[in-house]
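Shown here: work.cif, mmCIF, C-alpha atoms.
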data_protein
#
loop_
_atom_site.label_atom_id
_atom_site.label_comp_id
_atom_site.auth_asym_id
_atom_site.auth_seq_id
_atom_site.Cartn_x
_atom_site.Cartn_y
_atom_site.Cartn_z
CA MET A 1 32.90 -11.46 68.24
CA LYS A 2 32.69 -12.40 71.92
CA GLU A 3 33.22 -8.78 72.97
CA ASP A 4 30.41 -7.56 70.71
CA PHE A 5 28.20 -10.50 71.78
CA LEU A 6 28.45 -9.41 75.41
CA LYS A 7 28.13 -5.69 74.62
CA TYR A 8 25.22 -5.62 72.17
CA GLN A 9 23.22 -8.83 72.56
CA ALA A 10 20.98 -9.08 75.63
CA GLN A 11 22.15 -11.88 77.92
CA THR A 12 20.29 -14.37 80.10
CA THR A 13 23.00 -14.96 82.72
CA PRO A 14 26.09 -13.08 83.95
CA HIS A 15 28.39 -15.82 82.62
CA PRO A 16 27.33 -17.30 79.25
CA LEU A 17 29.51 -20.06 77.82
CA SER A 18 30.33 -17.75 74.87
CA LEU A 19 31.53 -20.28 72.33
CA GLU A 20 32.17 -18.35 69.11
CA VAL A 21 30.45 -20.48 66.47
CA SER A 22 31.86 -20.79 62.98
CA HIS A 23 29.65 -23.57 61.61
CA ALA A 24 28.00 -26.82 62.66
CA SER A 25 27.47 -30.18 61.02
CA GLY A 26 26.09 -33.48 62.25
CA CYS A 27 26.90 -33.85 65.95
CA TYR A 28 29.65 -31.22 65.97
CA ILE A 29 29.82 -27.47 66.48
CA TYR A 30 32.94 -25.77 65.09
CA THR A 31 34.26 -22.60 66.68
CA THR A 32 36.21 -19.71 65.19
CA ASP A 33 39.42 -21.00 66.81
CA ASP A 34 39.21 -24.14 64.62
CA LYS A 35 38.06 -26.43 67.43
CA LYS A 36 35.52 -29.23 66.88
CA HIS A 37 33.06 -29.68 69.77
CA LEU A 38 31.06 -32.90 70.15
CA ASP A 39 27.49 -31.83 70.94
CA PHE A 40 25.70 -33.77 73.70
CA VAL A 41 23.00 -31.08 74.05
CA ALA A 42 21.54 -30.52 70.54
CA GLY A 43 20.50 -26.95 71.19
CA VAL A 44 18.67 -28.08 74.35
CA SER A 45 16.86 -30.94 72.55
CA ALA A 46 15.99 -28.80 69.51
CA CYS A 47 18.30 -30.21 66.82
CA SER A 48 16.74 -33.67 66.56
CA LEU A 49 18.62 -34.61 63.39
CA GLY A 50 21.84 -32.84 64.30
CA HIS A 51 23.23 -29.73 62.68
CA SER A 52 22.69 -28.83 59.01
CA HIS A 53 21.02 -32.14 58.16
CA PRO A 54 21.06 -32.31 54.35
CA LYS A 55 17.34 -33.09 53.99
CA ILE A 56 16.39 -30.14 56.21
CA VAL A 57 18.79 -27.81 54.40
CA LYS A 58 17.37 -28.93 51.04
CA ALA A 59 13.79 -28.36 52.21
CA ILE A 60 14.72 -24.85 53.40
CA LYS A 61 16.48 -23.98 50.12
CA ASP A 62 13.65 -25.36 47.99
CA GLN A 63 11.01 -23.42 49.90
CA ALA A 64 13.08 -20.21 49.98
CA GLY A 65 13.03 -20.24 46.18
CA LYS A 66 9.21 -20.37 46.10
CA TYR A 67 7.89 -17.95 48.72
CA LEU A 68 8.39 -16.87 52.31
CA HIS A 69 5.80 -15.09 54.46
CA VAL A 70 2.69 -14.17 52.47
CA MET A 71 -0.15 -13.69 54.99
CA VAL A 72 -0.96 -14.00 58.68
CA TYR A 73 -1.66 -17.49 59.98
CA GLY A 74 -4.88 -19.16 58.91
CA GLU A 75 -5.84 -16.99 55.93
CA TYR A 76 -4.02 -18.61 52.99
CA ALA A 77 -3.50 -22.30 52.25
CA GLN A 78 0.25 -22.88 52.07
CA ALA A 79 1.52 -26.33 51.14
CA PRO A 80 4.29 -26.75 53.78
CA ALA A 81 1.95 -25.99 56.69
CA VAL A 82 -0.92 -28.02 55.25
CA GLU A 83 1.30 -31.04 54.63
CA LEU A 84 2.91 -30.76 58.07
CA THR A 85 -0.40 -30.64 59.95
CA LYS A 86 -1.78 -33.49 57.82
CA LEU A 87 1.25 -35.67 58.61
CA LEU A 88 1.01 -34.79 62.31
CA ALA A 89 -2.64 -35.91 62.29
CA ALA A 90 -1.56 -39.22 60.75
CA HIS A 91 0.92 -39.83 63.57
CA LEU A 92 -0.98 -38.44 66.56
CA PRO A 93 -3.61 -40.71 68.16
CA ASP A 94 -7.30 -39.91 67.79
CA PRO A 95 -8.83 -37.46 68.44
CA LEU A 96 -5.76 -35.19 68.13
CA ASN A 97 -6.37 -34.47 64.47
CA LYS A 98 -6.08 -30.68 64.16
CA THR A 99 -2.99 -28.58 64.82
CA TYR A 100 -2.38 -24.87 65.34
CA LEU A 101 1.17 -23.91 64.29
CA VAL A 102 2.93 -21.20 66.29
CA ASN A 103 6.44 -19.80 66.73
CA SER A 104 7.74 -21.49 69.88
CA GLY A 105 6.98 -23.93 72.65
CA THR A 106 5.94 -21.24 75.10
CA GLU A 107 3.41 -19.88 72.59
CA ALA A 108 2.05 -23.41 72.22
CA ILE A 109 1.48 -23.42 75.99
CA GLU A 110 -0.22 -20.02 75.85
CA GLY A 111 -2.56 -21.23 73.12
CA SER A 112 -3.29 -24.45 75.00
CA LEU A 113 -4.26 -22.55 78.16
CA LYS A 114 -6.53 -20.22 76.21
CA LEU A 115 -8.20 -23.15 74.46
CA ALA A 116 -8.81 -24.96 77.76
CA ARG A 117 -10.48 -21.93 79.33
CA ARG A 118 -12.52 -21.29 76.17
CA ALA A 119 -13.65 -24.93 75.96
CA THR A 120 -14.65 -25.42 79.59
CA GLY A 121 -15.80 -21.96 80.62
CA ARG A 122 -13.70 -22.44 83.75
CA SER A 123 -10.64 -20.51 84.85
CA GLU A 124 -8.56 -22.69 87.21
CA ILE A 125 -5.40 -24.18 85.74
CA ILE A 126 -3.51 -26.80 87.74
CA ALA A 127 0.19 -27.31 87.11
CA ALA A 128 2.88 -29.40 88.79
CA ARG A 129 5.45 -28.13 91.23
CA HIS A 130 8.97 -27.91 89.76
CA ALA A 131 7.48 -27.63 86.27
CA TYR A 132 8.84 -25.58 83.41
CA HIS A 133 6.58 -24.64 80.49
CA GLY A 134 8.26 -21.50 79.17
CA ASN A 135 8.85 -17.87 80.12
CA THR A 136 6.06 -15.78 78.63
CA MET A 137 3.59 -14.53 81.22
CA GLY A 138 1.09 -17.38 80.99
CA SER A 139 3.77 -20.06 80.90
CA LEU A 140 5.73 -18.39 83.70
CA SER A 141 2.56 -18.39 85.82
CA LEU A 142 2.72 -22.20 85.78
CA MET A 143 6.02 -22.10 87.70
CA ASP A 144 6.01 -22.29 91.50
CA PHE A 145 9.58 -21.01 92.02
CA LYS A 146 9.09 -17.65 93.74
CA GLU A 147 12.70 -16.63 93.23
CA ARG A 148 12.08 -16.76 89.47
CA THR A 149 8.50 -15.45 89.37
CA LYS A 150 8.43 -12.79 92.10
CA PRO A 151 10.12 -10.02 90.05
CA PHE A 152 7.43 -10.32 87.36
CA GLU A 153 4.28 -10.44 89.48
CA PRO A 154 1.36 -10.14 89.25
CA LEU A 155 1.16 -13.17 86.99
CA VAL A 156 -1.87 -14.87 85.43
CA GLY A 157 -4.35 -15.69 88.18
CA ASP A 158 -6.22 -18.82 89.27
CA ILE A 159 -3.23 -21.16 89.01
CA SER A 160 -2.91 -24.03 91.52
CA PHE A 161 -0.18 -26.61 91.99
CA ILE A 162 0.05 -30.34 92.65
CA GLU A 163 3.05 -32.58 93.29
CA PHE A 164 4.11 -34.62 90.25
CA ASN A 165 3.58 -38.38 90.87
CA LYS A 166 1.65 -37.70 94.12
CA GLU A 167 -1.70 -39.44 93.67
CA SER A 168 -3.34 -37.97 96.77
CA ASP A 169 -3.07 -34.53 95.15
CA LEU A 170 -5.44 -35.58 92.36
CA GLN A 171 -8.41 -34.71 94.57
CA LYS A 172 -7.41 -31.07 94.07
CA ILE A 173 -8.68 -31.45 90.49
CA THR A 174 -12.35 -30.46 90.74
CA THR A 175 -15.32 -29.21 88.74
CA LYS A 176 -13.74 -25.74 88.97
CA THR A 177 -10.68 -26.91 87.03
CA ALA A 178 -10.39 -25.96 83.37
CA ALA A 179 -7.24 -28.00 82.76
CA VAL A 180 -4.34 -29.84 84.31
CA ILE A 181 -1.07 -29.18 82.51
CA LEU A 182 1.90 -31.50 82.99
CA GLU A 183 5.18 -32.21 81.28
CA THR A 184 5.08 -35.80 80.10
CA ILE A 185 8.54 -36.10 81.64
CA GLN A 186 9.47 -33.25 83.98
CA GLY A 187 12.46 -31.53 82.41
CA GLY A 188 13.93 -28.76 84.56
CA ALA A 189 13.15 -30.75 87.72
CA GLY A 190 15.64 -33.42 86.70
CA PHE A 191 13.98 -35.57 83.98
CA ILE A 192 11.40 -37.08 86.32
CA ILE A 193 9.40 -39.92 84.73
CA PRO A 194 5.76 -40.53 85.74
CA THR A 195 5.40 -43.70 87.80
CA ASN A 196 2.63 -46.11 88.76
CA ASP A 197 0.33 -45.12 85.86
CA TYR A 198 0.33 -41.55 87.17
CA LEU A 199 -0.63 -39.92 83.87
CA LYS A 200 -3.47 -42.40 83.36
CA LYS A 201 -4.79 -41.55 86.79
CA VAL A 202 -4.59 -37.82 86.11
CA SER A 203 -6.44 -38.34 82.83
CA SER A 204 -9.12 -40.38 84.57
CA ARG A 205 -9.61 -37.71 87.24
CA CYS A 206 -9.86 -34.99 84.58
CA LYS A 207 -12.56 -36.93 82.73
CA GLU A 208 -14.41 -37.48 86.00
CA VAL A 209 -14.72 -33.73 86.69
CA GLY A 210 -14.87 -32.44 83.12
CA ALA A 211 -11.39 -30.89 83.07
CA LEU A 212 -8.98 -31.13 80.15
CA LEU A 213 -5.52 -32.72 80.28
CA ILE A 214 -2.75 -30.77 78.55
CA LEU A 215 0.55 -32.59 78.08
CA ASP A 216 3.67 -30.58 77.37
CA GLU A 217 5.68 -32.60 74.82
CA ILE A 218 7.97 -29.73 73.90
CA GLN A 219 11.07 -31.58 75.09
CA PRO A 220 10.23 -35.33 74.98
CA GLY A 221 8.45 -35.15 71.62
CA PHE A 222 9.67 -36.19 68.17
CA GLY A 223 11.44 -39.43 68.95
CA ARG A 224 13.60 -38.43 71.89
CA THR A 225 12.15 -41.02 74.30
CA GLY A 226 11.92 -44.02 71.98
CA LYS A 227 8.42 -43.13 70.80
CA LEU A 228 7.43 -40.35 68.41
CA PHE A 229 5.63 -38.68 71.32
CA GLY A 230 6.64 -39.23 74.93
CA PHE A 231 3.08 -39.82 76.16
CA GLU A 232 2.92 -42.99 74.03
CA ASN A 233 5.26 -44.59 76.58
CA PHE A 234 2.58 -44.19 79.24
CA GLU A 235 -0.53 -45.26 77.31
CA VAL A 236 -2.40 -42.01 77.76
CA VAL A 237 -3.85 -39.54 75.24
CA PRO A 238 -4.16 -35.89 76.31
CA ASP A 239 -6.98 -33.57 75.27
CA ILE A 240 -4.40 -31.02 74.10
CA VAL A 241 -0.73 -31.61 73.36
CA ALA A 242 1.88 -28.83 73.15
CA LEU A 243 4.83 -29.36 70.79
CA GLY A 244 8.06 -27.53 69.98
CA LYS A 245 11.87 -27.80 70.19
CA GLY A 246 12.84 -30.90 68.15
CA MET A 247 9.87 -30.41 65.86
CA GLY A 248 11.67 -27.87 63.67
CA GLY A 249 15.03 -29.59 63.17
CA GLY A 250 16.81 -26.48 64.42
CA LEU A 251 14.36 -23.77 63.37
CA PRO A 252 11.93 -21.99 65.75
CA ILE A 253 8.49 -23.58 65.86
CA GLY A 254 5.76 -24.68 68.23
CA ALA A 255 2.31 -26.21 67.88
CA PHE A 256 -0.66 -27.37 69.88
CA SER A 257 -2.93 -30.17 68.72
CA ALA A 258 -6.42 -31.21 69.84
CA SER A 259 -9.62 -32.61 68.41
CA GLU A 260 -11.32 -30.75 65.58
CA GLU A 261 -14.21 -30.02 67.94
CA LEU A 262 -11.93 -28.33 70.46
CA MET A 263 -9.69 -26.52 68.01
CA ASP A 264 -12.59 -25.03 66.06
CA LEU A 265 -13.57 -23.10 69.19
CA LEU A 266 -10.77 -20.66 68.40
CA MET A 267 -12.47 -19.66 65.15
CA ASP A 268 -15.49 -17.91 66.63
CA ASN A 269 -16.89 -16.29 69.79
CA PRO A 270 -14.58 -14.47 69.45
CA LYS A 271 -13.19 -14.69 65.95
CA LEU A 272 -9.40 -14.69 65.97
CA GLY A 273 -9.43 -16.50 69.33
CA HIS A 274 -5.73 -17.05 68.83
CA ILE A 275 -3.73 -15.28 66.15
CA THR A 276 -0.10 -15.15 65.05
CA THR A 277 1.63 -13.41 62.16
CA PHE A 278 4.47 -15.86 61.60
CA GLY A 279 3.02 -19.14 62.93
CA GLY A 280 3.04 -21.73 60.13
CA ASN A 281 5.78 -19.80 58.31
CA PRO A 282 6.37 -21.76 55.08
CA LEU A 283 10.15 -21.93 55.43
CA ILE A 284 9.95 -23.27 58.96
CA ALA A 285 7.03 -25.60 58.18
CA ALA A 286 9.08 -27.06 55.30
CA ALA A 287 11.96 -27.77 57.68
CA ALA A 288 9.58 -29.31 60.24
CA LEU A 289 7.97 -31.48 57.57
CA ALA A 290 11.37 -32.79 56.45
CA THR A 291 12.27 -33.46 60.10
CA LEU A 292 9.07 -35.38 60.83
CA LYS A 293 9.41 -37.46 57.67
CA GLU A 294 13.00 -38.41 58.46
CA ILE A 295 12.23 -39.30 62.07
CA SER A 296 9.11 -41.31 61.26
CA GLU A 297 10.30 -43.08 58.12
CA THR A 298 13.70 -44.35 59.34
CA ARG A 299 14.97 -46.40 62.27
CA ILE A 300 15.94 -43.31 64.28
CA ILE A 301 13.28 -43.84 66.96
CA PRO A 302 13.98 -47.51 67.86
CA GLU A 303 17.72 -46.83 67.71
CA THR A 304 17.24 -44.16 70.39
CA LEU A 305 16.60 -46.85 73.01
CA GLU A 306 19.71 -48.78 71.96
CA LYS A 307 21.76 -45.61 72.29
CA GLU A 308 20.31 -45.04 75.76
CA LYS A 309 21.67 -48.45 76.79
CA LEU A 310 25.10 -47.46 75.50
CA PHE A 311 25.10 -44.25 77.54
CA ARG A 312 24.03 -46.10 80.67
CA LYS A 313 26.69 -48.77 80.12
CA HIS A 314 29.56 -46.33 79.63
CA LEU A 315 28.58 -43.74 82.24
CA GLN A 316 29.18 -45.83 85.32
CA HIS A 317 31.05 -43.78 87.92
CA PRO A 318 30.94 -43.29 91.72
CA LEU A 319 30.26 -39.56 91.29
CA ILE A 320 27.20 -40.26 89.12
CA LYS A 321 24.49 -41.14 91.63
CA GLU A 322 21.71 -41.77 89.12
CA ILE A 323 20.90 -41.52 85.42
CA ARG A 324 17.34 -40.29 84.96
CA GLY A 325 15.20 -40.05 81.87
CA LYS A 326 14.41 -42.17 78.84
CA GLY A 327 15.87 -42.62 75.38
CA LEU A 328 18.11 -39.67 74.55
CA MET A 329 16.52 -37.44 77.17
CA LEU A 330 18.94 -38.27 79.99
CA ALA A 331 20.24 -36.46 83.06
CA LEU A 332 23.29 -37.43 85.08
CA ILE A 333 22.55 -36.74 88.74
CA MET A 334 25.90 -35.96 90.31
CA GLU A 335 26.98 -36.15 93.92
CA SER A 336 26.70 -32.36 94.23
CA ALA A 337 25.95 -29.22 92.25
CA GLU A 338 29.63 -28.31 92.44
CA ILE A 339 30.63 -31.52 90.68
CA ALA A 340 27.98 -30.93 88.01
CA ASP A 341 29.38 -27.44 87.39
CA ARG A 342 32.96 -28.69 87.21
CA LEU A 343 32.04 -31.48 84.81
CA ILE A 344 30.18 -29.16 82.41
CA LEU A 345 32.88 -26.48 82.42
CA GLN A 346 35.80 -28.90 82.14
CA ALA A 347 34.03 -30.80 79.35
CA LYS A 348 33.84 -27.52 77.43
CA GLU A 349 37.64 -27.32 77.61
CA LYS A 350 37.82 -30.92 76.32
CA GLU A 351 35.56 -29.96 73.37
CA LEU A 352 32.48 -31.79 74.64
CA ILE A 353 29.28 -29.77 75.03
CA LEU A 354 27.22 -30.54 78.14
CA PHE A 355 24.69 -28.30 79.89
CA TRP A 356 22.68 -27.75 83.05
CA LEU A 357 19.01 -28.31 83.89
CA LEU A 358 16.93 -25.41 85.14
CA PHE A 359 16.06 -26.41 88.72
CA GLU A 360 17.96 -29.59 89.62
CA LYS A 361 21.42 -28.19 90.25
CA ARG A 362 23.07 -31.62 90.53
CA ALA A 363 21.99 -32.56 87.01
CA VAL A 364 24.01 -32.65 83.80
CA ARG A 365 21.98 -32.73 80.59
CA ILE A 366 22.59 -35.47 78.01
CA THR A 367 20.31 -34.74 75.04
CA PRO A 368 22.38 -35.26 71.88
CA PRO A 369 21.05 -35.32 68.34
CA LEU A 370 19.07 -38.50 67.70
CA THR A 371 21.49 -39.15 64.83
CA ILE A 372 24.52 -39.49 67.11
CA SER A 373 26.64 -42.55 66.31
CA ASN A 374 27.70 -45.24 68.76
CA GLU A 375 31.31 -44.14 68.27
CA GLU A 376 30.45 -40.54 69.15
CA ILE A 377 28.56 -41.70 72.25
CA MET A 378 31.55 -43.70 73.45
CA LYS A 379 33.94 -40.84 72.69
CA GLY A 380 31.89 -38.39 74.76
CA CYS A 381 31.35 -40.85 77.59
CA GLY A 382 35.09 -41.43 77.71
CA ILE A 383 35.69 -37.70 78.15
CA ILE A 384 33.08 -37.52 80.94
CA VAL A 385 34.51 -40.49 82.83
CA ASP A 386 38.07 -39.16 82.48
CA ILE A 387 37.03 -35.78 83.92
CA LEU A 388 35.17 -37.44 86.80
CA ASN A 389 38.17 -39.65 87.57
CA LYS A 390 40.34 -36.54 87.89
CA ILE A 391 37.73 -34.77 90.06
CA LYS A 392 37.49 -37.84 92.30
CA ALA A 393 41.27 -38.12 92.59
CA GLY A 394 41.43 -34.55 93.88
CA PRO A 395 43.71 -31.57 93.14
CA GLY A 396 46.86 -33.34 94.31
CA ALA A 397 46.54 -36.24 91.89
CA VAL A 398 49.04 -36.75 89.09
CA ASN A 399 47.52 -36.75 85.57
#
Can you turn what I pasted into structure tokens?
Amino acid sequence: MKEDFLKYQAQTTPHPLSLEVSHASGCYIYTTDDKKHLDFVAGVSACSLGHSHPKIVKAIKDQAGKYLHVMVYGEYAQAPAVELTKLLAAHLPDPLNKTYLVNSGTEAIEGSLKLARRATGRSEIIAARHAYHGNTMGSLSLMDFKERTKPFEPLVGDISFIEFNKESDLQKITTKTAAVILETIQGGAGFIIPTNDYLKKVSSRCKEVGALLILDEIQPGFGRTGKLFGFENFEVVPDIVALGKGMGGGLPIGAFSASEELMDLLMDNPKLGHITTFGGNPLIAAAALATLKEISETRIIPETLEKEKLFRKHLQHPLIKEIRGKGLMLALIMESAEIADRLILQAKEKELILFWLLFEKRAVRITPPLTISNEEIMKGCGIIVDILNKIKAGPGAVN
């Protein structure tokens, strides 16, 4: 399978990890060579409830027996999508009471940008340096890394950048600005948390000049930071929130939510202001509804903060310079990029799945399923510490 994978399936890097997956369950991925890999990544924060969660699987099977795609988004009332958006409205703070369902996080960003320009009549979008919002053309335009964007230029115009957590940059937000878009917690940059009421201050400046605040919750959302939505940790409510990843319990989905007044602008002038064939797909909406119910109706969210403490307690090592993030959105900042690479690759051989972050090369991602047990946390941490001890001891050390 690996040979065909590399030959026929388009790749994203020259050296993919290439695990040959047989099946997955709970916090484990099983490979075709009968190995059982403890998953500390959860599909890059997507599998909130682990792999093949029985309630998600049941919801998928039940819906598959009723109907799949029947009509493009927004034309027919379909119970899974209606119930999902209604439950989201119950959990999101006012006035975020209307949701547009799409196929991925990057499409949620695209829709959010369009809505902001439509609502304000302005064109300038301000994003943060070292941000990552996706890889479609609009989302890619919000990235200030020339080495990644240059080959695809020209990108979407009238994009400006500010430094995350730098308050003096807020004066760059003016009456020409349609929206400021920020990750609630910067992901690819190294899980950078806003400090000193930064998000509140951005929100205040946006209100002052009539700009909208878009918060990208694609990674921190759905319980990963100890709140259902990451922005709840910082006592701020955006004008538009973009959702994705963990929302679908392992299936592809995205969404953007705003007030009814804002969202209704996409209905007219022009009609079909945003359109998608498969957004709100009933099978995927059913899985997302089951995911949201399980996360919101159990103790999964408060337990996330207790599990964070366990990770921090058991990942004490001289080669780990810092542990950034919140809840189960954590990044180990290693002494060097080389050590990060060695840890991730050697962990793979020890049947522990770790992964990189996009821009911070010293970082090692720790984003396991929210359902991970204390025993599984300690098992994985033990593997990490053992590998780091061997790296620290050097090549001449005796095992």
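The residue that comes closest to Phe191 in chain A, out of A:Leu357, A:Val21, A:Met1, A:Leu212 and on the basis of only C-alpha atoms, is A:Leu357.
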Discussion item. Using only C-alpha atoms, which protein or nucleic acid residues come within 10 Å of Leu170 in chain A? Drop anything in the same chain fewer than 5 positions from it, and give the result as a VMD selection string.
Written reply: chain A and resid 162 to 165 180 198 201 to 206
Worksheet entry | Result set, the PyMOL selection byres ((chain A and resi 149) around 12) on current file, as an MDAnalysis selection string | chainID A and resid 132 134:148 150:156
Can you list, as a short mmCIF file (atom, residue, chain, number, x, y, z; two decimals) with C-alpha atoms, in the coordinates of the input, the residues that the PyMOL selection byres ((chain A and resi 226) around 7) selects here?
data_model
loop_
_atom_site.label_atom_id
_atom_site.label_comp_id
_atom_site.auth_asym_id
_atom_site.auth_seq_id
_atom_site.Cartn_x
_atom_site.Cartn_y
_atom_site.Cartn_z
CA GLY A 223 11.44 -39.43 68.95
CA ARG A 224 13.60 -38.43 71.89
CA THR A 225 12.15 -41.02 74.30
CA LYS A 227 8.42 -43.13 70.80
CA LEU A 228 7.43 -40.35 68.41
CA ILE A 301 13.28 -43.84 66.96
CA PRO A 302 13.98 -47.51 67.86
CA THR A 304 17.24 -44.16 70.39
CA LEU A 305 16.60 -46.85 73.01
CA GLY A 327 15.87 -42.62 75.38
#
Worksheet, complete the sentence: Across A:Ser45, A:Ser112, A:Asn374, A:Ser160, the smallest distance to His314 in chain A, with all atoms listed in the file counted, is shown by A:Asn374
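Residue nearest Asp94 in chain A within the list A:Asp33, A:Val236, A:Met267, A:Lys361: A:Val236 [criterion: smallest interatomic distance, all atoms listed in the file].
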Could you rebuild range 100-117 of chain A with N, CA and C atoms and give me the result as a short mmCIF file (atom, residue, chain, number, x, y, z; two decimals), in the coordinates of the input?
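The result, written out as rebuild.cif:
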data_model
loop_
_atom_site.label_atom_id
_atom_site.label_comp_id
_atom_site.auth_asym_id
_atom_site.auth_seq_id
_atom_site.Cartn_x
_atom_site.Cartn_y
_atom_site.Cartn_z
N TYR A 100 -2.61 -26.31 65.50
CA TYR A 100 -2.38 -24.87 65.34
C TYR A 100 -0.87 -24.66 65.41
N LEU A 101 -0.27 -24.14 64.35
CA LEU A 101 1.17 -23.91 64.29
C LEU A 101 1.50 -22.53 64.84
N VAL A 102 2.49 -22.46 65.69
CA VAL A 102 2.93 -21.20 66.29
C VAL A 102 4.44 -21.08 66.18
N ASN A 103 5.03 -20.14 66.91
CA ASN A 103 6.44 -19.80 66.73
C ASN A 103 7.39 -20.43 67.73
N SER A 104 6.86 -20.96 68.82
CA SER A 104 7.74 -21.49 69.88
C SER A 104 6.94 -22.37 70.82
N GLY A 105 7.65 -23.09 71.67
CA GLY A 105 6.98 -23.93 72.65
C GLY A 105 6.16 -23.13 73.64
N THR A 106 6.69 -22.02 74.10
CA THR A 106 5.94 -21.24 75.10
C THR A 106 4.65 -20.68 74.51
N GLU A 107 4.65 -20.33 73.21
CA GLU A 107 3.41 -19.88 72.59
C GLU A 107 2.42 -21.03 72.45
N ALA A 108 2.93 -22.24 72.25
CA ALA A 108 2.05 -23.41 72.22
C ALA A 108 1.36 -23.60 73.57
N ILE A 109 2.08 -23.34 74.65
CA ILE A 109 1.48 -23.42 75.99
C ILE A 109 0.42 -22.34 76.15
N GLU A 110 0.74 -21.12 75.75
CA GLU A 110 -0.22 -20.02 75.85
C GLU A 110 -1.52 -20.37 75.12
N GLY A 111 -1.38 -20.87 73.89
CA GLY A 111 -2.56 -21.23 73.12
C GLY A 111 -3.34 -22.36 73.75
N SER A 112 -2.64 -23.32 74.33
CA SER A 112 -3.29 -24.45 75.00
C SER A 112 -4.11 -23.98 76.20
N LEU A 113 -3.54 -23.07 76.99
CA LEU A 113 -4.26 -22.55 78.16
C LEU A 113 -5.51 -21.78 77.74
N LYS A 114 -5.38 -20.97 76.70
CA LYS A 114 -6.53 -20.22 76.21
C LYS A 114 -7.62 -21.17 75.72
N LEU A 115 -7.22 -22.20 74.99
CA LEU A 115 -8.20 -23.15 74.46
C LEU A 115 -8.93 -23.87 75.58
N ALA A 116 -8.18 -24.25 76.64
CA ALA A 116 -8.81 -24.96 77.76
C ALA A 116 -9.84 -24.08 78.46
N ARG A 117 -9.52 -22.83 78.69
CA ARG A 117 -10.48 -21.93 79.33
C ARG A 117 -11.68 -21.67 78.41
#
